[in-house]
>>> print(open('run_0.txt').read())   # compact mmCIF, C-alpha atoms
# COMPACT_ATOMS: atom_id res chain seq x y z
CA MET A 157 19.46 127.28 118.35
CA SER A 158 22.68 127.17 116.37
CA SER A 159 21.49 124.03 114.63
CA LEU A 160 18.31 125.90 113.70
CA CYS A 161 20.45 128.66 112.23
CA ARG A 162 22.48 126.12 110.26
CA THR A 163 19.32 124.52 108.94
CA LEU A 164 17.90 127.87 107.88
CA GLY A 165 21.23 128.84 106.39
CA ARG A 166 21.28 125.66 104.34
CA THR A 167 17.65 126.07 103.29
CA LEU A 168 17.76 129.74 102.36
CA GLY A 169 21.42 130.46 101.70
CA ARG A 170 23.58 133.04 103.40
CA PRO A 171 22.85 135.96 101.05
CA THR A 172 19.13 135.70 101.82
CA LEU A 173 19.82 135.56 105.55
CA ALA A 174 22.00 138.65 105.23
CA ASP A 175 19.26 140.46 103.30
CA ILE A 176 16.72 139.59 105.97
CA ALA A 177 19.03 140.86 108.73
CA LEU A 178 19.56 144.09 106.81
CA VAL A 179 15.84 144.67 106.35
CA CYS A 180 15.31 144.03 110.08
CA ALA A 181 17.97 146.59 110.97
CA ALA A 182 16.47 149.20 108.65
CA ASP A 183 12.99 148.60 110.03
CA ALA A 184 14.32 148.91 113.56
CA VAL A 185 15.48 152.46 112.82
CA VAL A 186 12.05 153.33 111.48
CA GLY A 187 10.35 151.55 114.41
CA ALA A 188 12.37 153.44 117.01
CA THR A 189 11.51 156.69 115.27
CA PHE A 190 7.85 155.70 115.18
CA GLY A 191 7.79 155.06 118.94
CA ALA A 192 9.63 158.29 119.66
CA VAL A 193 7.48 160.46 117.41
CA ALA A 194 4.22 159.03 118.78
CA VAL A 195 5.23 159.75 122.38
CA ALA A 196 6.74 163.11 121.44
CA GLY A 197 3.42 163.98 119.78
CA GLY A 198 1.66 163.61 123.11
CA LEU A 199 0.35 160.04 122.89
CA PRO A 200 0.77 157.66 125.84
CA ALA A 201 3.69 155.23 125.44
CA TRP A 202 1.45 152.15 125.56
CA LEU A 203 -0.28 153.19 122.33
CA PRO A 204 2.61 152.89 119.84
CA ILE A 205 3.79 149.75 121.65
CA ALA A 206 0.42 148.01 121.63
CA MET A 207 -0.18 149.16 118.08
CA SER A 208 3.09 147.64 116.90
CA VAL A 209 2.22 144.28 118.41
CA LEU A 210 -1.44 144.20 117.36
CA VAL A 211 -1.40 146.01 114.01
CA PHE A 212 2.21 145.21 112.99
CA ALA A 213 2.13 147.22 109.78
CA GLY A 214 4.56 150.14 109.74
CA GLY A 215 2.92 152.37 107.17
CA ALA A 216 -0.54 152.09 108.70
CA GLN A 217 0.82 152.67 112.19
CA ILE A 218 2.68 155.77 111.07
CA ALA A 219 -0.36 157.07 109.20
CA ALA A 220 -2.84 156.43 112.05
CA VAL A 221 -0.54 157.97 114.66
CA GLY A 222 0.11 160.88 112.29
CA VAL A 223 -3.62 161.58 112.16
CA LEU A 224 -3.99 161.26 115.95
CA VAL A 225 -1.01 163.53 116.67
CA ALA A 226 -2.51 166.12 114.31
CA GLY A 227 -5.70 165.98 116.37
CA GLY A 228 -7.69 164.09 113.77
CA GLY A 229 -10.66 161.89 114.61
CA VAL A 230 -11.11 158.15 114.93
CA VAL A 231 -12.67 157.80 111.49
CA ALA A 232 -9.84 159.52 109.64
CA ALA A 233 -7.17 157.60 111.57
CA VAL A 234 -8.74 154.18 111.05
CA ALA A 235 -9.72 154.85 107.42
CA THR A 236 -6.23 155.96 106.49
CA GLY A 237 -4.60 153.01 108.24
CA LEU A 238 -6.94 150.47 106.74
CA ALA A 239 -6.69 151.96 103.26
CA LEU A 240 -2.95 151.43 103.47
CA ASN A 241 -3.41 147.91 104.70
CA THR A 242 -5.77 146.80 101.95
CA ARG A 243 -2.63 145.64 100.15
CA LEU A 244 -2.28 142.95 102.81
CA LEU A 245 -5.28 141.17 101.34
CA PRO A 246 -3.67 140.39 97.97
CA TYR A 247 -0.40 139.66 99.82
CA SER A 248 -2.17 137.16 102.04
CA LEU A 249 -3.68 135.48 98.99
CA ALA A 250 -0.26 135.39 97.35
CA VAL A 251 1.28 133.43 100.23
CA SER A 252 -1.78 131.30 100.93
CA ASP A 253 0.19 128.14 100.16
CA VAL A 254 2.61 129.04 102.95
CA LEU A 255 -0.22 129.86 105.35
CA ASP A 256 -2.16 126.78 104.45
CA THR A 257 0.05 124.31 106.25
CA GLY A 258 0.27 123.27 109.86
CA ARG A 259 -2.21 123.43 112.67
CA TRP A 260 -5.03 125.96 112.86
CA TRP A 261 -3.16 128.09 115.37
CA THR A 262 0.00 128.29 113.28
CA ARG A 263 -2.18 129.48 110.41
CA LEU A 264 -3.76 132.17 112.56
CA LEU A 265 -0.34 133.19 113.85
CA GLY A 266 1.20 133.08 110.39
CA ALA A 267 -1.49 135.36 109.01
CA HIS A 268 -0.45 138.06 111.47
CA LEU A 269 3.03 138.06 109.93
CA VAL A 270 1.80 139.08 106.46
CA VAL A 271 3.84 142.22 105.77
CA ASP A 272 5.62 143.59 102.72
CA GLU A 273 8.94 142.08 103.67
CA SER A 274 7.84 138.56 104.62
CA VAL A 275 5.77 138.23 101.46
CA ALA A 276 8.51 139.67 99.27
CA PHE A 277 11.14 137.26 100.64
CA ALA A 278 8.77 134.29 100.42
CA LEU A 279 7.80 134.97 96.82
CA ARG A 280 11.44 135.15 95.80
CA GLN A 281 12.00 131.51 96.73
CA ASP A 282 11.35 128.87 94.14
CA ASP A 283 10.17 125.86 96.10
CA ALA A 284 7.56 125.42 98.81
CA ARG A 285 9.96 124.52 101.62
CA ARG A 286 12.13 127.58 101.02
CA ARG A 287 9.08 129.80 100.69
CA ARG A 288 7.87 128.64 104.08
CA ALA A 289 11.27 129.08 105.68
CA ALA A 290 11.76 132.56 104.21
CA TYR A 291 8.26 133.66 105.18
CA TRP A 292 8.47 132.53 108.79
CA LEU A 293 12.03 133.65 109.35
CA THR A 294 11.41 137.13 107.93
CA GLY A 295 8.05 137.49 109.69
CA VAL A 296 9.27 136.42 113.13
CA SER A 297 12.56 138.37 112.97
CA LEU A 298 10.76 141.51 111.86
CA PHE A 299 8.14 141.12 114.57
CA VAL A 300 10.85 140.92 117.22
CA CYS A 301 13.05 143.76 115.83
CA TRP A 302 10.17 146.07 115.07
CA ASN A 303 8.52 145.75 118.48
CA ALA A 304 11.75 145.96 120.44
CA ALA A 305 12.70 149.10 118.51
CA VAL A 306 9.31 150.72 119.06
CA VAL A 307 9.51 150.08 122.83
CA LEU A 308 12.99 151.57 122.89
CA GLY A 309 11.91 154.63 120.89
CA ALA A 310 8.82 155.20 123.02
CA LEU A 311 10.80 154.97 126.27
CA VAL A 312 13.68 157.16 125.10
CA ALA A 313 11.34 159.85 123.75
CA GLY A 314 10.05 160.54 127.25
CA THR A 315 13.53 161.55 128.36
CA LEU A 316 14.37 163.81 125.41
CA GLY A 317 12.76 167.06 126.43
CA ASN A 318 11.24 169.00 123.55
CA PRO A 319 11.23 166.57 120.60
CA ASP A 320 10.90 169.34 118.03
CA THR A 321 14.50 170.22 118.84
CA PHE A 322 15.48 166.94 117.20
CA GLY A 323 13.38 167.53 114.11
CA LEU A 324 11.29 164.44 114.75
CA ASP A 325 8.11 166.19 113.60
CA ALA A 326 9.52 166.30 110.06
CA VAL A 327 10.21 162.56 109.91
CA PHE A 328 6.70 161.17 109.33
CA PRO A 329 5.83 163.27 106.30
CA ALA A 330 9.19 162.47 104.71
CA VAL A 331 8.76 158.75 105.34
CA MET A 332 5.26 158.83 103.89
CA VAL A 333 6.48 160.47 100.70
CA ALA A 334 9.34 157.97 100.52
CA LEU A 335 6.79 155.17 100.68
CA ILE A 336 4.64 156.44 97.82
CA LEU A 337 7.37 157.74 95.51
CA PRO A 338 8.12 154.43 93.74
CA GLY A 339 4.42 153.96 92.95
CA LEU A 340 4.10 157.49 91.59
CA SER A 341 6.85 157.28 89.00
CA GLY A 342 5.51 156.22 85.67
CA ASP A 343 1.87 156.93 86.47
CA ARG A 344 0.97 160.46 85.50
CA ARG A 345 -2.69 160.29 86.50
CA LEU A 346 -1.90 158.89 89.93
CA ARG A 347 0.61 161.72 90.39
CA THR A 348 -2.03 164.26 89.42
CA ALA A 349 -4.51 162.72 91.84
CA ALA A 350 -1.95 162.66 94.65
CA VAL A 351 -0.94 166.30 94.15
CA LEU A 352 -4.56 167.43 93.81
CA GLY A 353 -5.56 165.49 96.93
CA ALA A 354 -2.65 166.95 98.88
CA LEU A 355 -3.54 170.52 97.79
CA LEU A 356 -7.19 170.00 98.69
CA ALA A 357 -6.31 168.65 102.12
CA VAL A 358 -3.87 171.47 102.92
CA ALA A 359 -6.29 174.12 101.64
CA ALA A 360 -9.12 172.68 103.74
CA THR A 361 -7.07 172.40 106.95
CA PRO A 362 -7.79 175.93 108.25
CA VAL A 363 -11.54 175.54 107.81
CA LEU A 364 -12.44 171.90 108.47
CA PRO A 365 -12.20 169.97 111.76
CA ALA A 366 -8.94 168.01 112.11
CA GLY A 367 -8.90 164.72 110.20
CA LEU A 368 -11.60 165.64 107.69
CA PRO A 369 -9.31 167.36 105.15
CA LEU A 370 -7.59 164.03 104.66
CA LEU A 371 -10.80 162.42 103.51
CA LEU A 372 -10.97 164.89 100.62
CA ALA A 373 -8.05 163.08 99.01
CA PRO A 374 -10.11 160.16 97.67
CA VAL A 375 -12.37 162.77 96.06
CA ALA A 376 -9.35 163.95 94.07
CA LEU A 377 -8.75 160.39 92.92
CA VAL A 378 -12.34 160.03 91.74
CA VAL A 379 -12.19 163.38 89.93
CA VAL A 380 -8.97 162.52 88.12
CA LEU A 381 -10.20 159.06 87.15
CA ARG A 382 -13.54 160.41 85.90
CA LYS A 383 -11.99 163.24 83.96
CA GLY A 384 -9.08 161.31 82.56
CA SER A 385 -11.04 159.07 80.26
CA GLY A 386 -14.51 158.30 79.10
CA ASP A 387 -13.93 154.59 79.29
CA SER A 388 -13.57 152.80 82.55
CA ALA A 389 -9.84 152.21 82.39
CA VAL A 390 -8.20 153.21 85.63
CA LEU A 391 -4.82 154.94 85.81
CA SER A 392 -2.37 154.86 82.98
CA ASP A 393 -1.63 151.19 82.61
CA PRO A 394 -3.83 148.79 80.77
CA PHE A 395 -6.10 146.73 82.92
CA VAL A 396 -7.62 143.35 83.04
CA PRO A 397 -11.15 144.17 81.89
CA SER A 398 -13.01 142.56 84.75
CA ASP A 399 -13.11 144.64 87.88
CA SER A 400 -14.99 142.28 90.11
CA VAL A 401 -13.48 139.91 92.59
CA VAL A 402 -13.06 136.69 90.71
CA LEU A 403 -13.96 133.51 92.50
CA SER A 404 -12.40 130.52 90.92
CA ASP A 405 -10.55 127.40 91.82
CA ALA A 406 -8.04 127.63 89.04
CA VAL A 407 -5.72 130.39 90.11
CA ALA A 408 -2.04 130.25 89.51
CA PRO A 409 -0.64 131.46 92.82
CA SER A 410 1.96 133.62 91.15
CA ASP A 411 -0.81 135.63 89.49
CA ALA A 412 -1.88 136.98 92.82
CA ALA A 413 1.42 138.52 93.72
CA PRO A 414 1.24 142.24 93.17
CA ILE A 415 4.16 143.26 95.30
CA HIS A 416 4.13 146.96 94.84
CA PRO A 417 6.47 149.33 96.61
CA ALA A 418 6.05 148.97 100.22
CA PRO A 419 3.95 151.30 102.26
CA GLY A 420 5.11 148.94 104.99
CA SER A 421 8.42 150.12 106.05
CA ALA A 422 11.82 149.52 104.62
CA ASP A 423 12.21 148.57 101.01
CA PRO A 424 11.60 144.83 100.84
CA ASP A 425 13.83 144.61 97.83
CA PRO A 426 17.03 145.92 99.28
CA ASP A 427 20.03 146.74 97.20
CA PRO A 428 22.34 146.00 100.06
CA GLU A 429 25.28 148.09 98.92
CA PRO A 430 27.16 145.40 96.99
CA ALA A 431 30.12 146.15 99.27
CA ASP A 432 32.60 144.39 96.99
CA ARG A 433 33.31 141.40 99.13
CA MET B 90 -10.35 156.80 124.62
CA ASN B 91 -10.01 157.82 120.98
CA SER B 92 -6.61 156.17 120.88
CA ALA B 93 -7.95 152.87 122.22
CA THR B 94 -10.78 152.89 119.68
CA VAL B 95 -8.38 153.57 116.81
CA LEU B 96 -6.12 150.79 118.04
CA ALA B 97 -8.94 148.24 118.35
CA LEU B 98 -10.52 149.03 114.97
CA LEU B 99 -7.21 149.21 113.11
CA ALA B 100 -5.96 145.95 114.65
CA ALA B 101 -9.19 144.07 113.95
CA GLY B 102 -9.52 145.39 110.40
CA THR B 103 -5.89 144.69 109.58
CA TYR B 104 -6.05 141.14 110.88
CA ALA B 105 -9.22 140.52 108.88
CA LEU B 106 -7.38 141.56 105.70
CA ARG B 107 -4.53 139.21 106.58
CA LEU B 108 -6.86 136.27 107.06
CA ALA B 109 -7.99 136.38 103.44
CA GLY B 110 -5.29 133.94 102.35
CA PRO B 111 -5.90 131.19 104.90
CA ILE B 112 -9.68 131.55 104.60
CA PHE B 113 -10.17 131.80 100.85
CA HIS B 114 -7.03 130.01 99.85
CA ARG B 115 -7.17 129.84 96.07
CA ARG B 116 -10.82 130.54 95.53
CA LEU B 117 -10.47 134.28 95.67
CA GLN B 118 -8.47 136.39 93.30
CA LEU B 119 -8.64 140.15 93.13
CA SER B 120 -8.57 141.54 89.65
CA GLU B 121 -5.57 143.62 88.75
CA ARG B 122 -7.85 146.62 88.48
CA THR B 123 -9.20 146.26 92.00
CA THR B 124 -5.70 145.84 93.35
CA ARG B 125 -4.54 148.94 91.56
CA LEU B 126 -7.49 150.98 92.72
CA LEU B 127 -6.82 150.00 96.33
CA GLY B 128 -3.17 150.95 95.87
CA ALA B 129 -4.13 154.27 94.30
CA LEU B 130 -6.49 155.03 97.18
CA ALA B 131 -3.76 154.40 99.73
CA THR B 132 -1.33 156.53 97.71
CA VAL B 133 -3.56 159.62 97.53
CA LEU B 134 -4.41 159.32 101.24
CA LEU B 135 -0.72 159.10 102.13
CA ALA B 136 0.11 162.07 99.89
CA ALA B 137 -2.57 164.18 101.58
CA LEU B 138 -1.43 163.07 105.03
CA ALA B 139 2.20 163.83 104.18
CA ALA B 140 1.31 167.29 102.84
CA THR B 141 -0.84 168.27 105.83
CA ALA B 142 1.68 166.86 108.31
CA ALA B 143 4.54 168.70 106.60
CA LEU B 144 2.86 172.06 106.10
CA THR B 145 0.27 172.54 108.82
CA GLN B 146 0.12 172.60 112.58
CA GLY B 147 -3.39 172.55 114.01
CA HIS B 148 -5.37 174.87 111.76
CA HIS B 149 -2.35 176.97 110.79
CA LEU B 150 0.78 176.75 108.68
CA ALA B 151 3.73 175.06 110.36
CA ASP B 152 7.08 176.80 110.82
CA TRP B 153 9.33 176.63 107.77
CA GLU B 154 12.02 174.41 109.32
CA ARG B 155 9.76 171.37 109.19
CA PRO B 156 8.89 171.48 105.45
CA ALA B 157 12.55 172.27 104.74
CA GLY B 158 13.59 169.04 106.48
CA VAL B 159 10.84 167.13 104.68
CA LEU B 160 12.11 168.50 101.38
CA VAL B 161 15.59 167.16 102.10
CA GLY B 162 14.09 163.79 103.08
CA VAL B 163 12.03 163.62 99.89
CA THR B 164 15.10 164.47 97.82
CA LEU B 165 17.02 161.64 99.48
CA ALA B 166 14.11 159.27 98.87
CA ALA B 167 13.90 160.33 95.22
CA ARG B 168 17.58 159.41 94.94
CA ARG B 169 16.66 155.95 96.18
CA MET B 170 18.40 156.25 99.50
CA PRO B 171 17.40 153.64 102.08
CA LEU B 172 14.69 154.62 104.54
CA PRO B 173 16.99 155.05 107.56
CA VAL B 174 19.03 157.58 105.59
CA VAL B 175 15.82 159.45 104.75
CA VAL B 176 14.79 159.44 108.42
CA ILE B 177 18.13 160.71 109.70
CA GLY B 178 18.61 163.27 106.92
CA THR B 179 15.16 164.74 107.52
CA ALA B 180 15.44 164.99 111.30
CA ALA B 181 19.01 166.33 111.16
CA THR B 182 18.07 169.08 108.68
CA THR B 183 15.10 170.30 110.67
CA ALA B 184 17.00 170.07 113.95
CA LEU B 185 19.96 171.97 112.52
CA LEU B 186 17.77 174.73 111.03
CA ARG B 187 15.98 175.15 114.37
CA LEU B 188 19.29 175.29 116.18
CA LEU B 189 20.50 178.01 113.82
CA PHE B 190 17.39 180.12 113.38
CA VAL B 191 15.15 179.70 116.40
CA PRO B 192 16.20 182.11 119.14
>>> encode(input="run_0.txt", output="structure tokens")
Amino acid sequence: MSSLCRTLGRTLGRPTLADIALVCAADAVVGATFGAVAVAGGLPAWLPIAMSVLVFAGGAQIAAVGVLVAGGGVVAAVATGLALNTRLLPYSLAVSDVLDTGRWWTRLLGAHLVVDESVAFALRQDDARRRRAAYWLTGVSLFVCWNAAVVLGALVAGTLGNPDTFGLDAVFPAVMVALILPGLSGDRRLRTAAVLGALLAVAATPVLPAGLPLLLAPVALVVVLRKGSGDSAVLSDPFVPSDSVVLSDAVAPSDAAPIHPAPGSADPDPDPEPADR
Amino acid sequence: MNSATVLALLAAGTYALRLAGPIFHRRLQLSERTTRLLGALATVLLAALAATAALTQGHHLADWERPAGVLVGVTLAARRMPLPVVVIGTAATTALLRLLFVP
């Protein structure tokens, strides 16, 4: 075990290992809160725990449980979670060289570890061996920390009494805003769409069945995109003209690496308080 | 029942998205525009979810202590505080306000 640590330390360097540990610790706080809030919201403890193992995507878990706790339906919960997770597809493509080695079962296992943090750490490395090491180390450590923390949170929540006393009901919305804030800065039309969608959903809450108001938000996006410009450009930034999925053999892997701010959990690009060592 | 269905569908769908890399390897590349649209869709859904979760309870408005805590959390996030700080600041604010103002 210690020799494994030495090998990883030599491959990745101590600063990277420290960053990975820091990200794991931050995610553990969020994971424990996730478990606690889900149970406090009236869901059975097995649900957040099983979800963390099987879905293993913080943002989507938080969103889906948020919909369920609010009494929303299956469609709204799954749609919201999957919409968040669509980013995993380009991530997975971006690390396909890492996932393309080893036996078939390591590939299947490795695919499950595609999250913001593992991809971000992998893409920061410059050669294939380091990319693989960073990807697997981050993925496995996060999987362990995240799930252990969720179990702990779910179990502790049952003993807390009324969870509203601890303000846990305010945590999810704040975390969700924290996740989207970086993506909103610098994109006026996306901001407009987000605010409009939020207003629509809140306004519709008294009159529509739970879960449905949420699905009005994409309508706001369509409206803003339609209204914003006659041409087909989307959002403020200039786009590659083609909007179809391009099938080609000649793809530079780095092209497929749109690591945008993480609706996953903790910031994958930590500024670990330079702490003047 | 609902919970189990959500879990099964979300887990299956998420894993399918993750398999894209190993399956397509380098033959598939999403255009920047598609990627951005997917990101924008997730963003507006999250914004709507955050707003309804912060402001409403069932079909009614929530008590004011919750949005007050959320506001503090959002302010911390806007100042680029790490996520655990946002979590703790939010919960502590709402908890404190309830302690002070709820009989």
>>> residues_around(input="run_0.txt", residues="A:Ala350", least_positions_apart="3", cutoff="9 Å", atoms="all atoms listed in the file", output="VMD selection string")
(chain A and resid 340 345 to 347 353 to 355 373 376 to 377) or (chain B and resid 129 132 to 137)
>>> closest_residue(input="run_0.txt", among="B:Thr123, B:Thr103, B:Thr179, B:Gln146", to="A:Val327", atoms="all atoms listed in the file")
B:Thr179
>>> interface_residues(input="run_0.txt", of="chain B", to="chain A", cutoff="6 Å", atoms="only C-alpha atoms", output="PDB file with C-alpha atoms, in the frame of the given file")
ATOM      1  CA  VAL B  95      -8.380 153.570 116.810  1.00  0.00           C
ATOM      2  CA  LEU B  99      -7.210 149.210 113.110  1.00  0.00           C
ATOM      3  CA  ALA B 100      -5.960 145.950 114.650  1.00  0.00           C
ATOM      4  CA  LEU B 106      -7.380 141.560 105.700  1.00  0.00           C
ATOM      5  CA  ARG B 107      -4.530 139.210 106.580  1.00  0.00           C
ATOM      6  CA  LEU B 108      -6.860 136.270 107.060  1.00  0.00           C
ATOM      7  CA  ALA B 109      -7.990 136.380 103.440  1.00  0.00           C
ATOM      8  CA  GLY B 110      -5.290 133.940 102.350  1.00  0.00           C
ATOM      9  CA  PRO B 111      -5.900 131.190 104.900  1.00  0.00           C
ATOM     10  CA  HIS B 114      -7.030 130.010  99.850  1.00  0.00           C
ATOM     11  CA  ARG B 115      -7.170 129.840  96.070  1.00  0.00           C
ATOM     12  CA  ARG B 116     -10.820 130.540  95.530  1.00  0.00           C
ATOM     13  CA  LEU B 117     -10.470 134.280  95.670  1.00  0.00           C
ATOM     14  CA  GLN B 118      -8.470 136.390  93.300  1.00  0.00           C
ATOM     15  CA  LEU B 119      -8.640 140.150  93.130  1.00  0.00           C
ATOM     16  CA  SER B 120      -8.570 141.540  89.650  1.00  0.00           C
ATOM     17  CA  ARG B 122      -7.850 146.620  88.480  1.00  0.00           C
ATOM     18  CA  THR B 123      -9.200 146.260  92.000  1.00  0.00           C
ATOM     19  CA  ALA B 131      -3.760 154.400  99.730  1.00  0.00           C
ATOM     20  CA  THR B 132      -1.330 156.530  97.710  1.00  0.00           C
ATOM     21  CA  VAL B 133      -3.560 159.620  97.530  1.00  0.00           C
ATOM     22  CA  LEU B 134      -4.410 159.320 101.240  1.00  0.00           C
ATOM     23  CA  ALA B 136       0.110 162.070  99.890  1.00  0.00           C
ATOM     24  CA  ALA B 137      -2.570 164.180 101.580  1.00  0.00           C
ATOM     25  CA  ALA B 139       2.200 163.830 104.180  1.00  0.00           C
ATOM     26  CA  ALA B 140       1.310 167.290 102.840  1.00  0.00           C
ATOM     27  CA  THR B 141      -0.840 168.270 105.830  1.00  0.00           C
ATOM     28  CA  ALA B 142       1.680 166.860 108.310  1.00  0.00           C
ATOM     29  CA  ALA B 143       4.540 168.700 106.600  1.00  0.00           C
ATOM     30  CA  HIS B 148      -5.370 174.870 111.760  1.00  0.00           C
ATOM     31  CA  ARG B 155       9.760 171.370 109.190  1.00  0.00           C
ATOM     32  CA  VAL B 159      10.840 167.130 104.680  1.00  0.00           C
ATOM     33  CA  GLY B 162      14.090 163.790 103.080  1.00  0.00           C
ATOM     34  CA  VAL B 163      12.030 163.620  99.890  1.00  0.00           C
ATOM     35  CA  ALA B 166      14.110 159.270  98.870  1.00  0.00           C
ATOM     36  CA  LEU B 172      14.690 154.620 104.540  1.00  0.00           C
ATOM     37  CA  PRO B 173      16.990 155.050 107.560  1.00  0.00           C
ATOM     38  CA  VAL B 176      14.790 159.440 108.420  1.00  0.00           C
ATOM     39  CA  THR B 179      15.160 164.740 107.520  1.00  0.00           C
ATOM     40  CA  ALA B 180      15.440 164.990 111.300  1.00  0.00           C
ATOM     41  CA  THR B 183      15.100 170.300 110.670  1.00  0.00           C
ATOM     42  CA  ALA B 184      17.000 170.070 113.950  1.00  0.00           C
TER      43      ALA B 184
END
>>> atom_distance(input="run_0.txt", atom1="atom CA of A:Ala194", atom2="atom CA of B:Thr145")
17.2 Å
>>> atom_distance(input="run_0.txt", atom1="atom CA of A:Gly191", atom2="atom CA of A:Val179")
18.2 Å
>>> closest_residue(input="run_0.txt", among="B:Met170, B:Ala101, B:Ala157, B:Leu165", to="B:Leu186", atoms="all atoms listed in the file")
B:Ala157
>>> atom_distance(input="run_0.txt", atom1="atom CA of B:Glu154", atom2="atom CA of B:Phe190")
8.8 Å
>>> closest_residue(input="run_0.txt", among="A:Ile205, A:Val195, A:Val296, A:Ala276", to="A:Cys180", atoms="only C-alpha atoms")
A:Val296
>>> build_atoms(input="run_0.txt", residues="stretch 152-172 of chain B", atoms="N, CA and C atoms", output="PDB file, in the coordinates of the input")
ATOM      1  N   ASP B 152       5.868 176.017 111.052  1.00  0.00           N
ATOM      2  CA  ASP B 152       7.080 176.800 110.820  1.00  0.00           C
ATOM      3  C   ASP B 152       7.801 176.252 109.601  1.00  0.00           C
ATOM      4  N   TRP B 153       8.732 177.037 109.060  1.00  0.00           N
ATOM      5  CA  TRP B 153       9.330 176.630 107.770  1.00  0.00           C
ATOM      6  C   TRP B 153      10.394 175.552 107.937  1.00  0.00           C
ATOM      7  N   GLU B 154      10.937 175.391 109.145  1.00  0.00           N
ATOM      8  CA  GLU B 154      12.020 174.410 109.320  1.00  0.00           C
ATOM      9  C   GLU B 154      11.535 172.985 109.055  1.00  0.00           C
ATOM     10  N   ARG B 155      10.273 172.733 109.402  1.00  0.00           N
ATOM     11  CA  ARG B 155       9.760 171.370 109.190  1.00  0.00           C
ATOM     12  C   ARG B 155       9.663 171.017 107.706  1.00  0.00           C
ATOM     13  N   PRO B 156       8.922 171.819 106.887  1.00  0.00           N
ATOM     14  CA  PRO B 156       8.890 171.480 105.450  1.00  0.00           C
ATOM     15  C   PRO B 156      10.283 171.463 104.804  1.00  0.00           C
ATOM     16  N   ALA B 157      11.198 172.283 105.304  1.00  0.00           N
ATOM     17  CA  ALA B 157      12.550 172.270 104.740  1.00  0.00           C
ATOM     18  C   ALA B 157      13.208 170.903 104.969  1.00  0.00           C
ATOM     19  N   GLY B 158      13.051 170.370 106.184  1.00  0.00           N
ATOM     20  CA  GLY B 158      13.590 169.040 106.480  1.00  0.00           C
ATOM     21  C   GLY B 158      12.915 167.976 105.641  1.00  0.00           C
ATOM     22  N   VAL B 159      11.591 168.101 105.497  1.00  0.00           N
ATOM     23  CA  VAL B 159      10.840 167.130 104.680  1.00  0.00           C
ATOM     24  C   VAL B 159      11.346 167.143 103.248  1.00  0.00           C
ATOM     25  N   LEU B 160      11.619 168.372 102.751  1.00  0.00           N
ATOM     26  CA  LEU B 160      12.110 168.500 101.380  1.00  0.00           C
ATOM     27  C   LEU B 160      13.428 167.748 101.193  1.00  0.00           C
ATOM     28  N   VAL B 161      14.321 167.887 102.167  1.00  0.00           N
ATOM     29  CA  VAL B 161      15.590 167.160 102.100  1.00  0.00           C
ATOM     30  C   VAL B 161      15.321 165.642 102.113  1.00  0.00           C
ATOM     31  N   GLY B 162      14.424 165.208 103.002  1.00  0.00           N
ATOM     32  CA  GLY B 162      14.090 163.790 103.080  1.00  0.00           C
ATOM     33  C   GLY B 162      13.532 163.261 101.766  1.00  0.00           C
ATOM     34  N   VAL B 163      12.633 164.042 101.160  1.00  0.00           N
ATOM     35  CA  VAL B 163      12.030 163.620  99.890  1.00  0.00           C
ATOM     36  C   VAL B 163      13.087 163.541  98.797  1.00  0.00           C
ATOM     37  N   THR B 164      14.019 164.503  98.806  1.00  0.00           N
ATOM     38  CA  THR B 164      15.100 164.470  97.820  1.00  0.00           C
ATOM     39  C   THR B 164      15.943 163.211  97.977  1.00  0.00           C
ATOM     40  N   LEU B 165      16.251 162.876  99.232  1.00  0.00           N
ATOM     41  CA  LEU B 165      17.020 161.640  99.480  1.00  0.00           C
ATOM     42  C   LEU B 165      16.238 160.421  98.993  1.00  0.00           C
ATOM     43  N   ALA B 166      14.940 160.418  99.272  1.00  0.00           N
ATOM     44  CA  ALA B 166      14.110 159.270  98.870  1.00  0.00           C
ATOM     45  C   ALA B 166      14.056 159.171  97.347  1.00  0.00           C
ATOM     46  N   ALA B 167      13.963 160.329  96.682  1.00  0.00           N
ATOM     47  CA  ALA B 167      13.900 160.330  95.220  1.00  0.00           C
ATOM     48  C   ALA B 167      15.205 159.806  94.622  1.00  0.00           C
ATOM     49  N   ARG B 168      16.293 159.952  95.387  1.00  0.00           N
ATOM     50  CA  ARG B 168      17.580 159.410  94.940  1.00  0.00           C
ATOM     51  C   ARG B 168      17.780 157.979  95.415  1.00  0.00           C
ATOM     52  N   ARG B 169      16.684 157.360  95.809  1.00  0.00           N
ATOM     53  CA  ARG B 169      16.660 155.950  96.180  1.00  0.00           C
ATOM     54  C   ARG B 169      17.562 155.607  97.357  1.00  0.00           C
ATOM     55  N   MET B 170      17.680 156.546  98.267  1.00  0.00           N
ATOM     56  CA  MET B 170      18.400 156.250  99.500  1.00  0.00           C
ATOM     57  C   MET B 170      17.541 155.346 100.374  1.00  0.00           C
ATOM     58  N   PRO B 171      18.184 154.502 101.183  1.00  0.00           N
ATOM     59  CA  PRO B 171      17.400 153.640 102.080  1.00  0.00           C
ATOM     60  C   PRO B 171      16.648 154.473 103.125  1.00  0.00           C
ATOM     61  N   LEU B 172      15.581 153.897 103.628  1.00  0.00           N
ATOM     62  CA  LEU B 172      14.690 154.620 104.540  1.00  0.00           C
ATOM     63  C   LEU B 172      15.399 155.189 105.767  1.00  0.00           C
TER      64      LEU B 172
END
